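Student: Below you'll find coords_31.cif; it's mmCIF, C-alpha atoms.
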data_run
#
loop_
_atom_site.label_atom_id
_atom_site.label_comp_id
_atom_site.auth_asym_id
_atom_site.auth_seq_id
_atom_site.Cartn_x
_atom_site.Cartn_y
_atom_site.Cartn_z
CA MET A 1 29.07 -111.50 -35.71
CA SER A 2 29.03 -112.26 -39.37
CA SER A 3 27.74 -109.72 -41.83
CA VAL A 4 25.00 -112.06 -43.07
CA GLN A 5 23.68 -112.22 -39.51
CA ALA A 6 23.78 -108.43 -39.17
CA ILE A 7 22.01 -107.85 -42.50
CA ALA A 8 19.28 -110.42 -41.81
CA GLY A 9 18.68 -109.12 -38.30
CA GLY A 10 18.62 -105.50 -39.41
CA LEU A 11 16.20 -106.34 -42.21
CA LEU A 12 13.84 -108.11 -39.78
CA ILE A 13 14.00 -105.16 -37.40
CA ALA A 14 13.31 -102.70 -40.24
CA ILE A 15 10.27 -104.71 -41.41
CA GLY A 16 9.00 -104.83 -37.86
CA LEU A 17 9.38 -101.08 -37.37
CA ALA A 18 7.51 -100.42 -40.62
CA PHE A 19 4.64 -102.66 -39.49
CA ASP A 20 4.55 -100.88 -36.10
CA LEU A 21 4.35 -97.45 -37.72
CA PHE A 22 1.65 -98.44 -40.21
CA GLY A 23 -0.37 -100.17 -37.51
CA CYS A 24 -0.38 -97.03 -35.38
CA LEU A 25 -1.24 -94.96 -38.46
CA GLY A 26 -4.25 -97.21 -38.98
CA LEU A 27 -5.15 -96.79 -35.32
CA VAL A 28 -5.36 -93.06 -35.90
CA ARG A 29 -6.94 -92.97 -39.36
CA LEU A 30 -9.62 -95.70 -39.51
CA PRO A 31 -13.26 -94.86 -38.81
CA ASP A 32 -14.55 -97.04 -35.95
CA ILE A 33 -13.43 -99.22 -33.05
CA TYR A 34 -13.49 -102.55 -34.92
CA ASN A 35 -11.44 -101.29 -37.87
CA ARG A 36 -8.95 -99.70 -35.50
CA LEU A 37 -8.66 -102.91 -33.52
CA GLN A 38 -8.15 -104.92 -36.70
CA ALA A 39 -5.38 -102.71 -38.08
CA ALA A 40 -3.62 -101.95 -34.84
CA THR A 41 -3.58 -105.40 -33.27
CA LYS A 42 -2.54 -107.38 -36.32
CA CYS A 43 0.07 -104.96 -37.60
CA VAL A 44 1.61 -104.14 -34.24
CA THR A 45 1.72 -107.76 -33.08
CA LEU A 46 3.36 -108.88 -36.32
CA GLY A 47 5.76 -105.91 -36.18
CA THR A 48 6.85 -106.45 -32.60
CA CYS A 49 7.26 -110.20 -33.18
CA SER A 50 9.43 -109.39 -36.19
CA VAL A 51 11.56 -107.03 -34.08
CA LEU A 52 11.97 -109.73 -31.42
CA LEU A 53 12.96 -112.32 -34.06
CA GLY A 54 15.47 -109.82 -35.42
CA VAL A 55 16.93 -109.51 -31.91
CA LEU A 56 17.15 -113.33 -31.83
CA VAL A 57 19.05 -113.34 -35.14
CA LEU A 58 21.41 -110.58 -33.99
CA GLU A 59 22.14 -112.01 -30.55
CA GLY A 60 22.25 -115.71 -31.40
CA PHE A 61 21.25 -118.41 -28.94
CA ASN A 62 22.43 -116.77 -25.74
CA GLY A 63 20.33 -115.46 -22.88
CA ALA A 64 18.92 -112.38 -24.59
CA GLY A 65 18.11 -114.22 -27.82
CA LEU A 66 16.26 -117.05 -26.10
CA LYS A 67 14.35 -114.60 -23.92
CA SER A 68 13.30 -112.61 -26.99
CA LEU A 69 12.12 -115.83 -28.65
CA LEU A 70 10.10 -116.62 -25.51
CA CYS A 71 8.62 -113.12 -25.56
CA ALA A 72 7.67 -113.46 -29.25
CA VAL A 73 5.91 -116.79 -28.62
CA PHE A 74 4.09 -115.24 -25.67
CA LEU A 75 2.95 -112.27 -27.76
CA VAL A 76 1.69 -114.53 -30.56
CA LEU A 77 -0.29 -116.55 -28.02
CA THR A 78 -1.80 -113.67 -26.05
CA ALA A 79 -2.39 -110.71 -28.39
CA PRO A 80 -5.26 -112.34 -30.40
CA VAL A 81 -6.94 -113.37 -27.14
CA ALA A 82 -6.80 -109.81 -25.82
CA ALA A 83 -8.09 -108.40 -29.13
CA HIS A 84 -10.96 -110.87 -29.21
CA ALA A 85 -11.91 -110.02 -25.62
CA ILE A 86 -11.87 -106.28 -26.37
CA SER A 87 -13.99 -106.60 -29.53
CA ARG A 88 -16.50 -108.93 -27.83
CA GLY A 89 -16.77 -106.64 -24.84
CA SER A 90 -17.26 -103.52 -26.94
CA HIS A 91 -19.88 -105.23 -29.11
CA ARG A 92 -21.80 -106.38 -26.05
CA ALA A 93 -21.45 -102.94 -24.49
CA GLY A 94 -23.36 -101.56 -27.45
CA PHE A 95 -20.73 -99.80 -29.56
CA ARG A 96 -22.25 -99.85 -33.03
CA PRO A 97 -20.06 -100.35 -36.14
CA TRP A 98 -19.42 -97.63 -38.66
CA GLU A 99 -22.41 -96.82 -40.89
CA GLY A 100 -20.56 -98.05 -43.99
CA THR A 101 -20.26 -101.55 -42.56
CA VAL A 102 -21.68 -104.17 -44.92
CA MET A 103 -22.62 -106.91 -42.45
CA ASP A 104 -22.51 -107.66 -38.74
CA ALA A 105 -22.52 -111.43 -38.32
CA TYR A 106 -22.07 -111.38 -34.56
CA ALA A 107 -25.26 -109.32 -34.08
CA GLU A 108 -27.33 -111.76 -36.20
CA ASP A 109 -25.79 -114.71 -34.37
CA ALA A 110 -26.46 -113.19 -30.96
CA LYS A 111 -30.05 -112.38 -32.02
CA ASP A 112 -30.61 -116.01 -33.04
CA ARG A 113 -29.22 -117.36 -29.79
CA ALA A 114 -30.72 -114.73 -27.50
CA PRO A 115 -33.36 -116.97 -25.74
CA ASP A 116 -30.76 -119.66 -24.97
CA MET A 117 -28.32 -117.12 -23.60
CA ALA A 118 -30.98 -115.47 -21.44
CA ARG A 119 -32.06 -118.82 -20.02
CA GLY A 120 -28.46 -119.86 -19.38
CA GLU A 121 -27.59 -116.63 -17.59
CA GLY A 122 -30.74 -116.87 -15.49
CA ALA A 123 -29.93 -120.43 -14.40
CA GLU A 124 -26.36 -119.41 -13.63
CA GLY A 125 -27.61 -116.47 -11.57
CA LYS A 126 -29.89 -118.72 -9.53
CA GLY A 127 -27.20 -121.34 -8.94
CA MET B 1 -8.81 -84.91 -55.14
CA TRP B 2 -8.11 -87.86 -52.88
CA ILE B 3 -5.05 -89.22 -54.65
CA GLY B 4 -3.25 -85.91 -54.30
CA ARG B 5 -3.90 -85.93 -50.56
CA TRP B 6 -2.65 -89.51 -50.31
CA ILE B 7 0.55 -88.71 -52.20
CA VAL B 8 1.22 -85.65 -50.05
CA GLY B 9 0.64 -87.69 -46.89
CA ALA B 10 2.92 -90.52 -48.03
CA VAL B 11 5.70 -88.11 -48.99
CA VAL B 12 5.43 -86.25 -45.67
CA LEU B 13 5.49 -89.51 -43.69
CA ALA B 14 8.45 -90.96 -45.61
CA GLY B 15 10.35 -87.68 -45.28
CA LEU B 16 9.71 -87.56 -41.55
CA VAL B 17 10.89 -91.14 -41.05
CA LEU B 18 14.01 -90.59 -43.16
CA LEU B 19 14.74 -87.36 -41.29
CA ILE B 20 14.42 -89.13 -37.95
CA VAL B 21 16.47 -92.18 -38.90
CA VAL B 22 19.28 -90.53 -40.85
CA LEU B 23 19.69 -87.20 -39.10
CA GLY B 24 18.62 -88.11 -35.59
CA PRO B 25 21.27 -88.26 -32.88
CA GLU B 26 22.78 -91.62 -32.06
CA LEU B 27 21.52 -92.90 -28.73
CA THR B 28 24.28 -92.77 -26.13
CA LEU B 29 23.99 -95.73 -23.80
CA PRO B 30 26.69 -96.54 -21.26
CA SER B 31 29.59 -98.78 -22.26
CA GLY B 32 27.87 -100.99 -24.78
CA ALA B 33 28.92 -101.05 -28.39
CA ALA B 34 26.02 -100.81 -30.84
CA HIS B 35 26.55 -103.89 -32.98
CA VAL B 36 24.52 -102.74 -35.97
CA PRO B 37 24.26 -99.14 -37.14
CA TYR B 38 20.77 -97.52 -37.24
CA VAL B 39 19.35 -99.98 -34.72
CA SER B 40 19.42 -97.47 -31.89
CA ARG B 41 17.77 -94.90 -34.16
CA GLY B 42 14.85 -97.28 -34.67
CA VAL B 43 13.87 -96.27 -31.14
CA TYR B 44 12.71 -92.97 -32.64
CA ILE B 45 10.29 -94.75 -34.98
CA ILE B 46 8.86 -96.62 -32.00
CA LEU B 47 8.48 -93.27 -30.23
CA LEU B 48 6.67 -91.82 -33.27
CA ALA B 49 4.27 -94.79 -33.32
CA SER B 50 3.76 -94.40 -29.56
CA GLY B 51 2.90 -90.76 -30.14
CA LEU B 52 0.18 -91.81 -32.61
CA ALA B 53 -1.17 -94.33 -30.09
CA LEU B 54 -1.16 -91.65 -27.38
CA TRP B 55 -3.08 -89.32 -29.69
CA ARG B 56 -5.78 -91.97 -30.01
CA LEU B 57 -5.64 -92.49 -26.24
CA VAL B 58 -6.20 -88.82 -25.45
CA PHE B 59 -8.69 -87.87 -28.19
CA GLY B 60 -10.44 -91.23 -28.60
CA PRO B 61 -14.18 -90.65 -28.82
CA THR B 62 -15.22 -93.76 -26.90
CA ALA B 63 -13.81 -95.85 -24.06
CA ALA B 64 -13.16 -98.84 -26.33
CA ASP B 65 -10.77 -96.77 -28.47
CA ARG B 66 -8.81 -95.90 -25.37
CA ILE B 67 -8.59 -99.56 -24.34
CA VAL B 68 -7.28 -100.51 -27.80
CA ALA B 69 -4.71 -97.70 -27.59
CA ILE B 70 -3.51 -98.91 -24.18
CA ASP B 71 -3.14 -102.48 -25.47
CA ILE B 72 -1.19 -101.32 -28.54
CA PHE B 73 0.98 -99.07 -26.40
CA GLY B 74 2.01 -102.06 -24.24
CA ILE B 75 3.01 -104.11 -27.29
CA LEU B 76 5.03 -101.14 -28.63
CA ILE B 77 6.90 -100.89 -25.32
CA VAL B 78 7.93 -104.54 -25.69
CA GLY B 79 9.49 -103.73 -29.07
CA LEU B 80 11.20 -100.69 -27.54
CA CYS B 81 12.74 -102.88 -24.84
CA ALA B 82 14.02 -105.33 -27.48
CA LEU B 83 15.63 -102.51 -29.47
CA LEU B 84 17.24 -101.09 -26.33
CA CYS B 85 18.61 -104.54 -25.52
CA VAL B 86 20.35 -104.75 -28.90
CA ALA B 87 21.59 -101.16 -28.80
CA SER B 88 23.03 -101.30 -25.31
CA GLY B 89 24.11 -104.93 -25.03
CA ARG B 90 22.31 -105.45 -21.70
CA SER B 91 20.07 -108.50 -21.70
CA TRP B 92 17.81 -107.44 -18.84
CA TYR B 93 15.83 -105.09 -21.07
CA ILE B 94 14.15 -108.22 -22.51
CA ASP B 95 13.06 -109.14 -18.97
CA ILE B 96 11.27 -105.80 -18.73
CA GLY B 97 9.63 -106.59 -22.07
CA ILE B 98 8.37 -110.00 -20.92
CA ALA B 99 6.97 -108.55 -17.68
CA TRP B 100 5.34 -105.68 -19.57
CA ALA B 101 3.72 -108.08 -22.07
CA LEU B 102 2.26 -110.13 -19.18
CA GLN B 103 0.88 -107.09 -17.38
CA SER B 104 -0.49 -105.60 -20.61
CA PHE B 105 -2.33 -108.83 -21.48
CA ILE B 106 -3.92 -109.13 -18.03
CA GLY B 107 -4.82 -105.44 -18.02
CA ALA B 108 -6.44 -105.66 -21.47
CA LEU B 109 -8.54 -108.64 -20.38
CA ALA B 110 -9.64 -106.85 -17.20
CA LEU B 111 -10.52 -103.65 -19.08
CA ALA B 112 -12.49 -105.61 -21.71
CA LYS B 113 -14.48 -107.34 -18.98
CA TYR B 114 -15.11 -104.02 -17.27
CA LEU B 115 -16.26 -102.55 -20.60
CA GLU B 116 -18.73 -105.40 -21.02
CA GLY B 117 -20.35 -104.43 -17.75
CA ARG B 118 -19.48 -107.46 -15.67
CA ALA B 119 -17.71 -107.62 -12.34
CA LEU B 120 -14.05 -108.57 -12.30
CA ASP B 121 -14.51 -111.67 -10.12
CA GLU B 122 -17.33 -113.12 -12.18
#
Please go through the file and, once you have read it, give me the structure as structure tokens.
Tutor:
Amino acid sequence: MSSVQAIAGGLLIAIGLAFDLFGCLGLVRLPDIYNRLQAATKCVTLGTCSVLLGVLVLEGFNGAGLKSLLCAVFLVLTAPVAAHAISRGSHRAGFRPWEGTVMDAYAEDAKDRAPDMARGEGAEGKG
Amino acid sequence: MWIGRWIVGAVVLAGLVLLIVVLGPELTLPSGAAHVPYVSRGVYIILLASGLALWRLVFGPTAADRIVAIDIFGILIVGLCALLCVASGRSWYIDIGIAWALQSFIGALALAKYLEGRALDE
């Protein structure tokens, strides 16, 4: 292993660990569920993907490196979907945002579309 | 004075991380040379972050906070598996990471659907 490879991989892993730590700090410190989801999911996904890319740089294109690249691609594809499902479910379950929140666009949007959604769910229930 | 509290918090956090990384014991894993120094000590930072996520999991005021903490904990375990793969030279740790990412994703979707109040087969 060349030293350039070791330095680049170690730097990527260090950046990823810093993002992990700050994401979990935001998970503890921020005021409500949506802020916590924002901080934690974005920072931790970016941090773990950076760690996995650092493993790819350190290992090269052998079995472990390619599997870490596969795992990074999988995390990038799935983590936003899971975060979106959690935030949508918690908003529909009635968890209100923090009282300092400026606007809630999803609530206004759902209020505008409420008759359509009620009619659609009723038809689906009958069918 | 908020800036004083912020400075004290930043200094305490940086000191804790430096203490863990520099003075922590090197991880002894069987018969694999650690290619890069300090990589195996990064496991301790992942463990510190996991401790913060577990704090939110135990003391979270609502159920949604606990679901977020579980999701984040799964992603942190994937990073832990990658670090252990580099530190020990065994490539099957990455397989554990891939399987854990799959299960964590499916579990987060199921918990979100359960939180919304719908049945799982809907």
Student: Do me a favour and pick out the residues of chain A within 9 Å of chain B, using only C-alpha atoms, as a PyMOL selection string.
Tutor: chain A and resi 1+6-7+9-10+13-14+16-18+20-25+27-28+32-33+36-37+40-41+44-45+47-49+51-52+55+58-59+63-65+67-68+70-71+74-75+78-79+81-83+85-95
Student: Give me a file of those residues, with C-alpha atoms, as a PDB file, keeping the file's coordinate frame.
Tutor:
ATOM      1  CA  MET A   1      29.070-111.500 -35.710  1.00  0.00           C
ATOM      2  CA  ALA A   6      23.780-108.430 -39.170  1.00  0.00           C
ATOM      3  CA  ILE A   7      22.010-107.850 -42.500  1.00  0.00           C
ATOM      4  CA  GLY A   9      18.680-109.120 -38.300  1.00  0.00           C
ATOM      5  CA  GLY A  10      18.620-105.500 -39.410  1.00  0.00           C
ATOM      6  CA  ILE A  13      14.000-105.160 -37.400  1.00  0.00           C
ATOM      7  CA  ALA A  14      13.310-102.700 -40.240  1.00  0.00           C
ATOM      8  CA  GLY A  16       9.000-104.830 -37.860  1.00  0.00           C
ATOM      9  CA  LEU A  17       9.380-101.080 -37.370  1.00  0.00           C
ATOM     10  CA  ALA A  18       7.510-100.420 -40.620  1.00  0.00           C
ATOM     11  CA  ASP A  20       4.550-100.880 -36.100  1.00  0.00           C
ATOM     12  CA  LEU A  21       4.350 -97.450 -37.720  1.00  0.00           C
ATOM     13  CA  PHE A  22       1.650 -98.440 -40.210  1.00  0.00           C
ATOM     14  CA  GLY A  23      -0.370-100.170 -37.510  1.00  0.00           C
ATOM     15  CA  CYS A  24      -0.380 -97.030 -35.380  1.00  0.00           C
ATOM     16  CA  LEU A  25      -1.240 -94.960 -38.460  1.00  0.00           C
ATOM     17  CA  LEU A  27      -5.150 -96.790 -35.320  1.00  0.00           C
ATOM     18  CA  VAL A  28      -5.360 -93.060 -35.900  1.00  0.00           C
ATOM     19  CA  ASP A  32     -14.550 -97.040 -35.950  1.00  0.00           C
ATOM     20  CA  ILE A  33     -13.430 -99.220 -33.050  1.00  0.00           C
ATOM     21  CA  ARG A  36      -8.950 -99.700 -35.500  1.00  0.00           C
ATOM     22  CA  LEU A  37      -8.660-102.910 -33.520  1.00  0.00           C
ATOM     23  CA  ALA A  40      -3.620-101.950 -34.840  1.00  0.00           C
ATOM     24  CA  THR A  41      -3.580-105.400 -33.270  1.00  0.00           C
ATOM     25  CA  VAL A  44       1.610-104.140 -34.240  1.00  0.00           C
ATOM     26  CA  THR A  45       1.720-107.760 -33.080  1.00  0.00           C
ATOM     27  CA  GLY A  47       5.760-105.910 -36.180  1.00  0.00           C
ATOM     28  CA  THR A  48       6.850-106.450 -32.600  1.00  0.00           C
ATOM     29  CA  CYS A  49       7.260-110.200 -33.180  1.00  0.00           C
ATOM     30  CA  VAL A  51      11.560-107.030 -34.080  1.00  0.00           C
ATOM     31  CA  LEU A  52      11.970-109.730 -31.420  1.00  0.00           C
ATOM     32  CA  VAL A  55      16.930-109.510 -31.910  1.00  0.00           C
ATOM     33  CA  LEU A  58      21.410-110.580 -33.990  1.00  0.00           C
ATOM     34  CA  GLU A  59      22.140-112.010 -30.550  1.00  0.00           C
ATOM     35  CA  GLY A  63      20.330-115.460 -22.880  1.00  0.00           C
ATOM     36  CA  ALA A  64      18.920-112.380 -24.590  1.00  0.00           C
ATOM     37  CA  GLY A  65      18.110-114.220 -27.820  1.00  0.00           C
ATOM     38  CA  LYS A  67      14.350-114.600 -23.920  1.00  0.00           C
ATOM     39  CA  SER A  68      13.300-112.610 -26.990  1.00  0.00           C
ATOM     40  CA  LEU A  70      10.100-116.620 -25.510  1.00  0.00           C
ATOM     41  CA  CYS A  71       8.620-113.120 -25.560  1.00  0.00           C
ATOM     42  CA  PHE A  74       4.090-115.240 -25.670  1.00  0.00           C
ATOM     43  CA  LEU A  75       2.950-112.270 -27.760  1.00  0.00           C
ATOM     44  CA  THR A  78      -1.800-113.670 -26.050  1.00  0.00           C
ATOM     45  CA  ALA A  79      -2.390-110.710 -28.390  1.00  0.00           C
ATOM     46  CA  VAL A  81      -6.940-113.370 -27.140  1.00  0.00           C
ATOM     47  CA  ALA A  82      -6.800-109.810 -25.820  1.00  0.00           C
ATOM     48  CA  ALA A  83      -8.090-108.400 -29.130  1.00  0.00           C
ATOM     49  CA  ALA A  85     -11.910-110.020 -25.620  1.00  0.00           C
ATOM     50  CA  ILE A  86     -11.870-106.280 -26.370  1.00  0.00           C
ATOM     51  CA  SER A  87     -13.990-106.600 -29.530  1.00  0.00           C
ATOM     52  CA  ARG A  88     -16.500-108.930 -27.830  1.00  0.00           C
ATOM     53  CA  GLY A  89     -16.770-106.640 -24.840  1.00  0.00           C
ATOM     54  CA  SER A  90     -17.260-103.520 -26.940  1.00  0.00           C
ATOM     55  CA  HIS A  91     -19.880-105.230 -29.110  1.00  0.00           C
ATOM     56  CA  ARG A  92     -21.800-106.380 -26.050  1.00  0.00           C
ATOM     57  CA  ALA A  93     -21.450-102.940 -24.490  1.00  0.00           C
ATOM     58  CA  GLY A  94     -23.360-101.560 -27.450  1.00  0.00           C
ATOM     59  CA  PHE A  95     -20.730 -99.800 -29.560  1.00  0.00           C
TER      60      PHE A  95
END
Student: Report the distance between CA of Ser40 (chain B) and CA of Pro25 (chain B) in Å, rounded to one decimal place.
Tutor: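 CA of Ser40 (chain B) sits 9.4 Å away from CA of Pro25 (chain B).
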Student: Could you please determine the separation between CA of Val12 (chain B) and CA of Cys43 (chain A) in Å, to one decimal place?
Tutor: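 For CA of Val12 (chain B) relative to CA of Cys43 (chain A), the distance reads 21.1 Å.
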Student: CA of Gly54 (chain A) to CA of Ile15 (chain A): how many Å, to one decimal?
Tutor: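 CA of Ile15 (chain A) lies 9.4 Å from CA of Gly54 (chain A).
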Student: Calculated over all atoms listed in the file, which of the candidates A:Val102, A:Leu77, A:Leu69, A:Ala110 has the smallest distance to Ser50 (chain A)?
Tutor: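 Nearest to Ser50 (chain A): A:Leu69.
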